[in-house]
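Below: data_11.cif (mmCIF, C-alpha atoms)
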```
data_my_file
#
loop_
_atom_site.group_PDB
_atom_site.id
_atom_site.type_symbol
_atom_site.label_atom_id
_atom_site.label_comp_id
_atom_site.auth_asym_id
_atom_site.auth_seq_id
_atom_site.Cartn_x
_atom_site.Cartn_y
_atom_site.Cartn_z
ATOM 1 C CA MET G 684 47.490 28.400 14.842
ATOM 2 C CA LYS G 685 47.289 32.158 14.452
ATOM 3 C CA SER G 686 46.475 33.849 17.712
ATOM 4 C CA ARG G 687 43.457 35.708 16.383
ATOM 5 C CA PHE G 688 41.642 32.390 15.925
ATOM 6 C CA TRP G 689 41.468 31.905 19.692
ATOM 7 C CA ILE G 690 39.559 35.049 20.610
ATOM 8 C CA GLY G 691 36.253 33.220 21.057
ATOM 9 C CA ILE G 692 36.918 31.328 24.277
ATOM 10 C CA VAL G 693 36.209 34.281 26.587
ATOM 11 C CA ILE G 694 33.183 35.379 24.580
ATOM 12 C CA ALA G 695 31.929 31.803 24.398
ATOM 13 C CA LEU G 696 31.823 31.433 28.155
ATOM 14 C CA PHE G 697 30.131 34.748 28.925
ATOM 15 C CA GLY G 698 26.412 35.205 29.493
ATOM 16 C CA LEU G 699 24.639 32.429 27.574
ATOM 17 C CA THR G 700 21.373 32.959 29.426
ATOM 18 C CA MET G 701 21.432 36.711 28.856
ATOM 19 C CA ALA G 702 22.156 36.171 25.190
ATOM 20 C CA THR G 703 19.170 33.885 24.814
ATOM 21 C CA GLY G 704 16.833 36.394 26.389
ATOM 22 C CA ALA G 705 18.180 39.313 24.364
ATOM 23 C CA ALA G 706 17.830 37.483 21.067
ATOM 24 C CA ARG G 707 14.291 36.341 21.791
ATOM 25 C CA ALA G 708 12.865 39.488 23.374
ATOM 26 C CA GLY G 709 10.518 41.408 21.098
ATOM 27 C CA GLU G 710 11.800 39.859 17.883
ATOM 28 C CA LYS G 711 10.128 37.468 15.468
ATOM 29 C CA LEU G 712 12.414 34.467 15.245
ATOM 30 C CA LEU G 713 12.706 31.524 12.923
ATOM 31 C CA PRO G 714 11.242 28.208 14.136
ATOM 32 C CA GLU G 715 13.204 26.378 16.795
ATOM 33 C CA ILE G 716 14.745 23.072 15.759
ATOM 34 C CA GLY G 717 15.677 20.076 17.882
ATOM 35 C CA PRO G 718 18.606 17.698 17.654
ATOM 36 C CA GLY G 719 18.590 14.823 15.179
ATOM 37 C CA GLU G 720 19.242 11.166 15.907
ATOM 38 C CA ASP G 721 22.974 11.899 15.940
ATOM 39 C CA GLY G 722 22.485 14.564 18.611
ATOM 40 C CA LEU G 723 23.406 17.426 16.269
ATOM 41 C CA TYR G 724 21.212 20.354 15.276
ATOM 42 C CA HIS G 725 20.814 20.303 11.491
ATOM 43 C CA GLN G 726 19.651 23.507 9.844
ATOM 44 C CA PRO G 727 17.580 22.807 6.700
ATOM 45 C CA TRP G 728 19.798 25.161 4.704
ATOM 46 C CA PHE G 729 23.074 23.436 5.602
ATOM 47 C CA GLN G 730 24.685 21.943 2.504
ATOM 48 C CA GLU G 731 24.574 18.191 1.848
ATOM 49 C CA THR G 732 27.734 17.332 -0.105
ATOM 50 C CA PHE G 733 30.115 14.458 -0.816
ATOM 51 C CA LEU G 734 32.524 16.128 1.648
ATOM 52 C CA ASP G 735 35.228 16.761 -0.925
ATOM 53 C CA LEU G 736 36.251 20.144 0.440
ATOM 54 C CA HIS G 737 38.033 21.312 -2.708
ATOM 55 C CA GLU G 738 34.859 20.623 -4.687
ATOM 56 C CA ASP G 739 32.728 22.242 -1.977
ATOM 57 C CA ILE G 740 34.797 25.429 -2.236
ATOM 58 C CA ALA G 741 34.442 25.413 -6.026
ATOM 59 C CA GLU G 742 30.675 24.855 -5.848
ATOM 60 C CA ALA G 743 30.292 27.683 -3.353
ATOM 61 C CA ALA G 744 32.431 29.969 -5.545
ATOM 62 C CA ALA G 745 30.224 29.204 -8.556
ATOM 63 C CA GLU G 746 27.408 30.882 -6.635
ATOM 64 C CA GLY G 747 29.596 33.752 -5.442
ATOM 65 C CA LYS G 748 29.841 32.272 -1.961
ATOM 66 C CA GLN G 749 32.467 30.841 0.419
ATOM 67 C CA LEU G 750 32.681 27.580 2.307
ATOM 68 C CA VAL G 751 32.311 27.406 6.078
ATOM 69 C CA LEU G 752 32.842 24.209 8.054
ATOM 70 C CA PHE G 753 30.623 24.055 11.134
ATOM 71 C CA TRP G 754 32.130 21.595 13.622
ATOM 72 C CA GLU G 755 29.767 20.299 16.314
ATOM 73 C CA GLN G 756 29.347 17.369 18.688
ATOM 74 C CA ARG G 757 26.542 15.644 20.567
ATOM 75 C CA GLY G 758 25.677 17.256 23.898
ATOM 76 C CA CYS G 759 27.487 20.533 23.143
ATOM 77 C CA PRO G 760 25.669 23.365 25.020
ATOM 78 C CA TYR G 761 27.398 26.073 22.964
ATOM 79 C CA CYS G 762 26.271 24.415 19.727
ATOM 80 C CA ARG G 763 22.737 24.301 21.082
ATOM 81 C CA GLU G 764 22.864 27.982 21.990
ATOM 82 C CA THR G 765 24.158 28.914 18.546
ATOM 83 C CA HIS G 766 21.224 27.135 16.917
ATOM 84 C CA LEU G 767 18.527 28.252 19.363
ATOM 85 C CA VAL G 768 19.654 31.874 19.523
ATOM 86 C CA ASN G 769 21.852 33.052 16.644
ATOM 87 C CA LEU G 770 20.484 30.815 13.908
ATOM 88 C CA ARG G 771 16.903 31.803 14.639
ATOM 89 C CA ILE G 772 17.521 35.475 13.832
ATOM 90 C CA PRO G 773 16.326 36.094 10.258
ATOM 91 C CA LYS G 774 18.886 38.755 9.307
ATOM 92 C CA VAL G 775 21.748 36.576 10.547
ATOM 93 C CA VAL G 776 20.549 33.509 8.657
ATOM 94 C CA ASP G 777 19.758 35.505 5.513
ATOM 95 C CA TYR G 778 23.253 36.973 5.450
ATOM 96 C CA ILE G 779 24.873 33.569 5.886
ATOM 97 C CA LYS G 780 22.700 31.897 3.240
ATOM 98 C CA THR G 781 23.347 34.711 0.774
ATOM 99 C CA ASN G 782 27.122 34.660 1.109
ATOM 100 C CA PHE G 783 28.210 31.247 2.360
ATOM 101 C CA HIS G 784 27.800 27.502 1.998
ATOM 102 C CA VAL G 785 27.783 25.864 5.423
ATOM 103 C CA VAL G 786 28.848 22.224 5.739
ATOM 104 C CA GLN G 787 28.356 20.615 9.130
ATOM 105 C CA LEU G 788 30.924 18.128 10.458
ATOM 106 C CA ASP G 789 30.849 15.938 13.567
ATOM 107 C CA LEU G 790 33.908 16.221 15.808
ATOM 108 C CA TRP G 791 33.672 12.462 16.464
ATOM 109 C CA GLY G 792 32.160 11.458 13.128
ATOM 110 C CA SER G 793 33.220 8.623 10.876
ATOM 111 C CA ARG G 794 32.116 9.967 7.506
ATOM 112 C CA GLU G 795 34.793 10.107 4.826
ATOM 113 C CA VAL G 796 36.121 13.591 4.039
ATOM 114 C CA THR G 797 38.584 14.688 1.365
ATOM 115 C CA ASP G 798 40.721 17.572 2.568
ATOM 116 C CA VAL G 799 41.674 20.436 0.263
ATOM 117 C CA ASP G 800 45.114 18.855 -0.114
ATOM 118 C CA GLY G 801 43.469 15.787 -1.662
ATOM 119 C CA LYS G 802 44.019 13.471 1.300
ATOM 120 C CA VAL G 803 41.082 11.293 2.343
ATOM 121 C CA THR G 804 40.311 10.810 6.013
ATOM 122 C CA THR G 805 37.380 10.758 8.463
ATOM 123 C CA GLU G 806 35.667 13.611 10.286
ATOM 124 C CA LYS G 807 37.276 12.599 13.581
ATOM 125 C CA LYS G 808 40.778 12.391 12.123
ATOM 126 C CA LEU G 809 40.296 15.611 10.168
ATOM 127 C CA ALA G 810 39.320 17.384 13.384
ATOM 128 C CA ARG G 811 42.606 16.300 14.936
ATOM 129 C CA LYS G 812 44.491 17.330 11.805
ATOM 130 C CA TYR G 813 42.876 20.763 11.926
ATOM 131 C CA ARG G 814 43.404 20.990 15.713
ATOM 132 C CA VAL G 815 39.689 21.380 16.318
ATOM 133 C CA GLN G 816 39.155 20.703 20.014
ATOM 134 C CA PHE G 817 36.236 22.953 20.950
ATOM 135 C CA THR G 818 32.706 23.088 19.573
ATOM 136 C CA PRO G 819 31.244 24.830 17.851
ATOM 137 C CA THR G 820 34.228 25.708 15.695
ATOM 138 C CA LEU G 821 33.615 27.486 12.403
ATOM 139 C CA GLN G 822 36.340 27.399 9.759
ATOM 140 C CA PHE G 823 36.063 29.943 6.971
ATOM 141 C CA PHE G 824 37.782 29.139 3.691
ATOM 142 C CA PRO G 825 38.915 31.533 0.936
ATOM 143 C CA PRO G 826 36.727 32.058 -2.149
ATOM 144 C CA THR G 827 39.030 29.931 -4.306
ATOM 145 C CA ILE G 828 41.922 27.494 -3.921
ATOM 146 C CA GLU G 829 44.500 26.566 -6.556
ATOM 147 C CA ALA G 830 43.796 23.346 -8.467
ATOM 148 C CA GLY G 831 47.076 21.753 -7.380
ATOM 149 C CA ASN G 832 46.918 22.903 -3.774
ATOM 150 C CA LYS G 833 48.925 20.712 -1.372
ATOM 151 C CA LYS G 834 48.244 22.655 1.815
ATOM 152 C CA PRO G 835 45.776 21.185 4.335
ATOM 153 C CA GLY G 836 42.637 23.070 5.275
ATOM 154 C CA HIS G 837 43.969 24.608 8.459
ATOM 155 C CA ASP G 838 46.762 26.250 6.463
ATOM 156 C CA VAL G 839 44.454 27.846 3.902
ATOM 157 C CA GLU G 840 41.519 28.904 6.101
ATOM 158 C CA VAL G 841 41.139 32.666 6.471
ATOM 159 C CA TRP G 842 39.314 32.840 9.793
ATOM 160 C CA ARG G 843 38.234 30.588 12.648
ATOM 161 C CA LEU G 844 35.475 31.179 15.195
ATOM 162 C CA LEU G 845 35.519 29.224 18.452
ATOM 163 C CA GLY G 846 32.631 28.617 20.804
ATOM 164 C CA TYR G 847 29.427 30.549 21.336
ATOM 165 C CA TRP G 848 29.506 34.189 20.235
ATOM 166 C CA LYS G 849 26.632 36.559 20.894
ATOM 167 C CA PRO G 850 24.545 37.507 17.835
ATOM 168 C CA PHE G 851 26.333 40.762 16.969
ATOM 169 C CA HIS G 852 29.777 39.153 17.126
ATOM 170 C CA PHE G 853 28.594 36.002 15.370
ATOM 171 C CA HIS G 854 26.890 37.847 12.522
ATOM 172 C CA ASN G 855 29.804 40.157 11.971
ATOM 173 C CA SER G 856 32.295 37.293 11.850
ATOM 174 C CA PHE G 857 30.647 36.427 8.531
ATOM 175 C CA VAL G 858 30.770 40.077 7.459
ATOM 176 C CA TYR G 859 34.445 40.178 8.445
ATOM 177 C CA VAL G 860 35.217 37.266 6.131
ATOM 178 C CA LYS G 861 32.952 38.348 3.275
ATOM 179 C CA GLU G 862 34.437 41.849 3.229
ATOM 180 C CA LYS G 863 37.977 40.496 3.790
ATOM 181 C CA GLY G 864 38.365 42.596 6.904
ATOM 182 C CA TYR G 865 41.199 40.331 8.016
ATOM 183 C CA GLU G 866 43.392 41.747 5.238
ATOM 184 C CA SER G 867 43.311 45.308 6.548
ATOM 185 C CA GLU G 868 42.748 44.517 10.250
ATOM 186 C CA PRO G 869 43.892 41.080 11.478
ATOM 187 C CA ASN G 870 42.623 41.894 14.977
ATOM 188 C CA PHE G 871 38.933 41.028 14.830
ATOM 189 C CA GLN G 872 38.025 42.871 18.028
ATOM 190 C CA ARG G 873 39.461 46.134 16.690
ATOM 191 C CA TRP G 874 37.675 45.629 13.394
ATOM 192 C CA LEU G 875 34.421 44.884 15.221
ATOM 193 C CA GLN G 876 34.704 47.998 17.402
ATOM 194 C CA ALA G 877 35.269 50.149 14.315
ATOM 195 C CA ARG G 878 32.240 48.580 12.652
ATOM 196 C CA ALA G 879 30.101 49.152 15.741
ATOM 197 C CA ASP G 880 31.163 52.819 15.806
ATOM 198 C CA LYS G 881 30.276 53.150 12.114
ATOM 199 C CA LEU G 882 26.843 51.618 12.597
ATOM 200 C CA ARG G 883 26.115 53.888 15.553
ATOM 201 C CA ALA G 884 27.165 56.917 13.488
ATOM 202 C CA GLU G 885 24.576 55.823 10.918
ATOM 203 C CA GLY G 886 21.922 55.828 13.643
ATOM 204 C CA LYS G 887 21.688 52.036 13.872
ATOM 205 C CA LYS G 888 21.258 50.163 17.147
ATOM 206 C CA VAL G 889 24.236 48.076 18.213
ATOM 207 C CA GLU G 890 23.969 45.489 20.986
ATOM 208 C CA ILE G 891 27.501 44.238 21.567
ATOM 209 C CA TRP G 892 26.823 42.892 25.078
#
```

Would you write the structure of this file as structure tokens?
Amino acid sequence: MKSRFWIGIVIALFGLTMATGAARAGEKLLPEIGPGEDGLYHQPWFQETFLDLHEDIAEAAAEGKQLVLFWEQRGCPYCRETHLVNLRIPKVVDYIKTNFHVVQLDLWGSREVTDVDGKVTTEKKLARKYRVQFTPTLQFFPPTIEAGNKKPGHDVEVWRLLGYWKPFHFHNSFVYVKEKGYESEPNFQRWLQARADKLRAEGKKVEIW
């Protein structure tokens, strides 16, 4: 796994309570949702598909979007925080919905999934195949994949986000992928700092911490 994929652990463990307060203070948020019967938080705009990832990528591309896999598990506090903080901020959700298709997977799930290499497995086994051990984990896939692709998903993904990231970092992870920032700057933190500097120069408020 490329080292840049593991940046999120430190950010994920820092200041969840402060993040919640900052996101909710003085801002009109989207309605709060609760967990479903499976213990996961299901956003109404998450995609319901047959879990054939090659087809999911193609369907997203047909709308000018990219596929993101959102791995979660029951009882995950970082998943809860992502839904109750980040995914209640209108501009964050609007950006994601405009540019991405999000498919939610259960780290311990038994649903059948077809990987981009054509191999059929279950959510749980796919998580092991992709080396997904922490939730939430977001896997971002490229806009298109060759028809005869034989590489598994973890070899074609372009970016991976681990754990809970505060709203500015979380939002801009999607910007980073959409604008292909990883091509010119593989170090996300450097790219993010440059973006923050640019936004400040434009007179925009930036709340990194």

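Taking all atoms listed in the file into account, Thr781 (chain G) lies nearest to G:Val858 out of the set G:Asn870, G:Leu809, G:Val858, G:Glu710.
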
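Using all atoms listed in the file, every residue with an atom at most 7 Å from the point (33.3, 17.3, 11.9) is listed here: G:Trp754, G:Glu755, G:Gln787, G:Leu788, G:Asp789, G:Leu790, G:Trp791, G:Gly792, G:Glu806, G:Lys807, G:Ala810.
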
With C-alpha atoms retained, write the just-selected residues as a compact mmCIF listing (two decimals), in the coordinates of the input.
```txt
# COMPACT_ATOMS: atom_id res chain seq x y z
CA TRP G 754 32.13 21.60 13.62
CA GLU G 755 29.77 20.30 16.31
CA GLN G 787 28.36 20.62 9.13
CA LEU G 788 30.92 18.13 10.46
CA ASP G 789 30.85 15.94 13.57
CA LEU G 790 33.91 16.22 15.81
CA TRP G 791 33.67 12.46 16.46
CA GLY G 792 32.16 11.46 13.13
CA GLU G 806 35.67 13.61 10.29
CA LYS G 807 37.28 12.60 13.58
CA ALA G 810 39.32 17.38 13.38
```

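Residues within 8 Å of Phe824 (chain G), counting all atoms listed in the file and excluding same-chain residues fewer than 3 positions away, are Ile740, Gln749, Leu750, Val751, Gly836, Val839, Glu840, Val841 and Trp842 of chain G.
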
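The smallest atom-to-atom distance between Ala741 (chain G) and any of G:Ala830, G:Val786, G:Ile891, G:Ala877, using all atoms listed in the file, is found for G:Ala830.
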
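With all atoms listed in the file as the basis for measurement, G:Gly758 is the residue among G:Lys888, G:Gly758, G:Phe817, G:Val860 that approaches Glu720 (chain G) most closely.
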
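For the pair CA of Gly801 (chain G) and CA of Lys833 (chain G), the separation is 7.4 Å.
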
Practice task
Write out as a VMD selection string each polymer residue whose atoms come within 12 Å of Pro819 (chain G), counting only C-alpha atoms; drop sequence neighbours fewer than 4 positions from it.
Solution key: chain G and resid 691 to 692 695 723 to 724 752 to 766 787 to 790 810 815 843 to 848 853

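The space separating CA of His854 (chain G) from CA of Leu770 (chain G) comes to 9.6 Å.
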
Problem - For Glu746 (chain G): contacts at 10 Å, all atoms listed in the file, fewer than 6 positions along chain excluded, given as a ChimeraX atom specification - result: /G:781-784

Exercise for the section: Could you jot down the CA of Lys834 (chain G) to CA of Lys802 (chain G) separation for me, Å, one decimal place? Expected result: 10.1 Å

Practice task
Name the residues that the PyMOL selection byres ((chain G and resi 727-731) around 6) picks from the file above, as JSON, numbers by chain, using the file's chain letters and numbers.
Solution key: {"G": [726, 732, 785, 786]}

Practice task
Spell out the residues picked by the PyMOL selection byres ((chain G and resi 876) around 12) here, as a PyMOL selection string.
Solution key: chain G and resi 851-852+855+859+868+870-875+877-883+889-891

Handout entry: Top pick for closest residue to Val803 (chain G), considering G:Pro773, G:Pro850, G:Pro835, G:Pro826 and counting all atoms listed in the file
Key = G:Pro835
